[in-house]
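Pasted below: run_37.cif, mmCIF, C-alpha atoms.
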```cif
data_run
#
loop_
_atom_site.label_atom_id
_atom_site.label_comp_id
_atom_site.auth_asym_id
_atom_site.auth_seq_id
_atom_site.Cartn_x
_atom_site.Cartn_y
_atom_site.Cartn_z
CA MET A 129 -6.16 -9.29 -0.79
CA LEU A 130 -4.66 -8.83 -4.26
CA ALA A 131 -6.36 -11.96 -5.56
CA GLU A 132 -9.69 -10.67 -4.25
CA ILE A 133 -9.19 -7.30 -5.92
CA ALA A 134 -8.57 -9.09 -9.22
CA ARG A 135 -11.35 -11.67 -8.70
CA LEU A 136 -13.88 -8.94 -8.03
CA ASP A 137 -12.67 -6.98 -11.08
CA LEU A 138 -11.73 -4.01 -8.90
CA VAL A 139 -8.28 -3.35 -10.40
CA PRO A 140 -9.53 -0.34 -12.43
CA ALA A 141 -11.28 1.06 -9.36
CA VAL A 142 -8.31 0.91 -6.94
CA SER A 143 -5.85 3.76 -7.13
CA PRO A 144 -2.32 2.28 -7.15
CA ILE A 145 -1.27 4.50 -4.23
CA GLN A 146 -3.64 2.42 -2.08
CA TYR A 147 -1.26 -0.55 -2.40
CA ALA A 148 1.57 1.47 -0.84
CA ILE A 149 -0.16 3.47 1.89
CA ARG A 150 1.15 2.80 5.37
CA LEU A 151 -0.94 3.09 8.52
CA LEU A 152 -0.56 6.65 9.82
CA ILE A 153 -0.71 7.09 13.56
CA PRO A 154 -1.29 10.75 14.47
CA GLN A 155 -0.79 12.24 17.91
CA GLY A 156 -3.70 11.27 20.15
CA SER A 157 -4.61 8.19 18.09
CA ARG A 158 -6.50 5.45 19.91
CA MET A 159 -3.92 3.07 18.39
CA LEU A 160 -1.51 4.43 21.01
CA GLU A 161 -3.63 2.73 23.68
CA LEU A 162 -2.51 -0.65 22.37
CA GLU A 163 0.62 -1.97 24.06
CA ASP A 164 1.67 -3.88 20.93
CA MET A 165 1.48 -0.69 18.88
CA ARG A 166 3.37 1.42 21.43
CA ALA A 167 6.17 -1.17 21.31
CA ARG A 168 6.53 -0.57 17.53
CA ILE A 169 6.69 3.23 17.69
CA GLU A 170 10.12 4.78 17.31
CA ARG A 171 9.35 8.49 17.62
CA PHE A 172 6.92 11.26 16.78
CA ASP A 173 7.72 13.11 13.54
CA PRO A 174 6.53 16.73 13.85
CA SER A 175 6.91 17.33 10.09
CA SER A 176 4.37 14.62 9.20
CA LEU A 177 2.44 14.88 12.49
CA THR A 178 2.59 11.09 12.82
CA HIS A 179 4.36 8.50 14.91
CA VAL A 180 7.06 6.61 13.03
CA TRP A 181 6.69 2.87 13.56
CA ARG A 182 8.10 -0.40 12.26
CA HIS A 183 6.41 -3.73 11.66
CA ALA A 184 7.51 -6.74 13.73
CA ASP A 185 8.59 -8.44 10.51
CA PRO A 186 11.08 -6.22 8.62
CA ARG A 187 10.03 -7.87 5.33
CA VAL A 188 6.67 -6.12 5.63
CA ASP A 189 8.38 -2.73 5.86
CA ALA A 190 10.62 -3.65 2.91
CA LEU A 191 7.56 -4.64 0.86
CA GLN A 192 5.79 -1.38 1.68
CA GLN A 193 8.87 0.64 0.70
CA ALA A 194 9.23 -1.28 -2.58
CA LEU A 195 5.58 -0.64 -3.41
CA GLU A 196 5.94 3.03 -2.49
CA ARG A 197 8.93 3.37 -4.86
CA LEU A 198 7.03 1.62 -7.64
CA VAL A 199 3.80 3.55 -7.29
CA GLY A 200 5.48 6.89 -6.60
CA THR A 201 7.22 6.84 -9.95
CA ARG A 202 4.21 5.72 -12.00
CA LEU A 203 1.26 7.76 -10.78
CA ASN A 204 -0.32 8.00 -14.22
CA ALA A 205 0.50 4.49 -15.46
CA PRO A 206 -2.37 2.19 -16.44
CA ARG A 207 -3.80 0.57 -13.32
CA HIS A 208 -3.58 -2.96 -14.73
CA ASP A 209 0.14 -2.48 -15.39
CA ILE A 210 0.80 -1.28 -11.84
CA PHE A 211 -1.34 -4.07 -10.40
CA ALA A 212 0.68 -6.66 -12.33
CA LYS A 213 3.93 -5.25 -10.90
CA VAL A 214 2.47 -5.09 -7.37
CA TRP A 215 1.33 -8.71 -7.81
CA ASP A 216 4.86 -9.81 -8.73
CA ILE A 217 6.58 -7.80 -5.97
CA ALA A 218 4.19 -9.12 -3.32
CA HIS A 219 4.77 -12.74 -4.34
CA GLN A 220 8.54 -12.25 -4.51
CA SER A 221 8.51 -10.69 -1.03
CA ALA A 222 6.56 -13.67 0.30
CA GLY A 223 9.01 -16.05 -1.34
CA THR A 224 6.27 -17.69 -3.38
CA MET A 225 5.82 -18.16 -7.07
CA PRO A 226 2.83 -16.22 -8.32
CA PRO A 227 0.20 -18.08 -10.26
CA SER A 228 0.47 -17.63 -14.01
CA GLY A 229 0.08 -13.89 -13.58
CA PRO A 230 -2.55 -11.71 -12.02
CA PRO A 231 -6.05 -12.62 -13.08
CA LEU A 232 -6.87 -9.50 -15.06
CA VAL A 233 -10.18 -8.75 -16.65
CA SER A 234 -10.37 -6.42 -19.61
CA ARG A 235 -12.69 -3.55 -18.92
CA ALA A 236 -13.38 -0.08 -20.24
CA ALA A 237 -11.45 2.67 -18.49
CA ILE A 238 -13.22 4.39 -15.64
CA PRO A 239 -12.62 8.02 -14.67
CA TYR A 240 -10.44 8.66 -11.62
CA LEU A 241 -8.36 11.35 -10.01
CA ASN A 242 -4.73 11.06 -11.05
CA GLU A 243 -3.07 13.74 -8.97
CA PRO A 244 -0.95 12.55 -6.03
CA TRP A 245 -2.23 15.12 -3.57
CA TYR A 246 -5.81 13.87 -3.41
CA CYS A 247 -4.89 11.07 -0.99
#
```

Turn this file's structure into structure tokens for me.
Amino acid sequence: MLAEIARLDLVPAVSPIQYAIRLLIPQGSRMLELEDMRARIERFDPSSLTHVWRHADPRVDALQQALERLVGTRLNAPRHDIFAKVWDIAHQSAGTMPPSGPPLVSRAAIPYLNEPWYC
């Protein structure tokens, strides 16, 4: 997915928070009809109005948490900078060496919302 975002020159168009968002399963979700999903759910959290769940592979949860920490502290950082860090973290989590760096394309800045509440 990250390689496709870079290949299609979408890095400036993707808000960094999108790399860290976790699937939210609200009460009444059709996802709850899936046996595999119900097996992953730990509890319902009334403060967030969502079911707390874990991935079958704990490395996926660790990756999501690492990306959330990164993005949450750099909401106004340049998108190419965040993408480069996400690229590195994702490859490290997979235990692979990234290619010579994310394939970035220089492009004029595009306008975007930069306040964390809009998601």

Could you build a table of the residues in region 172-229 of chain A lying no more than 10 Å from region 156-168 of chain A, giving for each the nearest pair of atoms and their separation in Å rounded to one decimal place, using all atoms listed in the file, ordered by chain and ascending residue number, as a Markdown table?
```
| residue | atom | partner | partner_atom | distance |
| --- | --- | --- | --- | --- |
| A:Thr178 | CA | A:Ser157 | CA | 9.4 |
| A:His179 | CA | A:Leu160 | CA | 9.4 |
| A:Val180 | CA | A:Arg168 | CA | 8.5 |
| A:Trp181 | CA | A:Arg168 | CA | 5.3 |
| A:Arg182 | CA | A:Arg168 | CA | 5.5 |
| A:His183 | CA | A:Arg168 | CA | 6.7 |
| A:Ala184 | CA | A:Arg168 | CA | 7.3 |
```

Given the file shown, determine the residues that the PyMOL selection byres ((chain A and resi 144) around 8) selects; report them as a PyMOL selection string.
-> chain A and resi 142-143+145-148+199+203+207+210-211

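The shortest atom-to-atom distance to Ile149 (chain A), with only C-alpha atoms taken into account, belongs to A:Glu196 out of A:Glu170, A:Glu196, A:Asp209, A:Asp137.
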
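Across the structure, CA of Gln220 (chain A) and CA of Ile133 (chain A) are spaced 18.5 Å apart.
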
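In terms of minimum interatomic distance to Leu151 (chain A), A:Ile169 ranks closest within A:Ile169, A:Asn204, A:Ala212, A:Met225, counting all atoms listed in the file.
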
What is the distance between CA of Phe172 (chain A) and CA of Gln192 (chain A), in Å to one decimal?
-> 19.7 Å

CA of Gly200 (chain A) and CA of Thr224 (chain A), how far apart in Å?
-> 24.8 Å
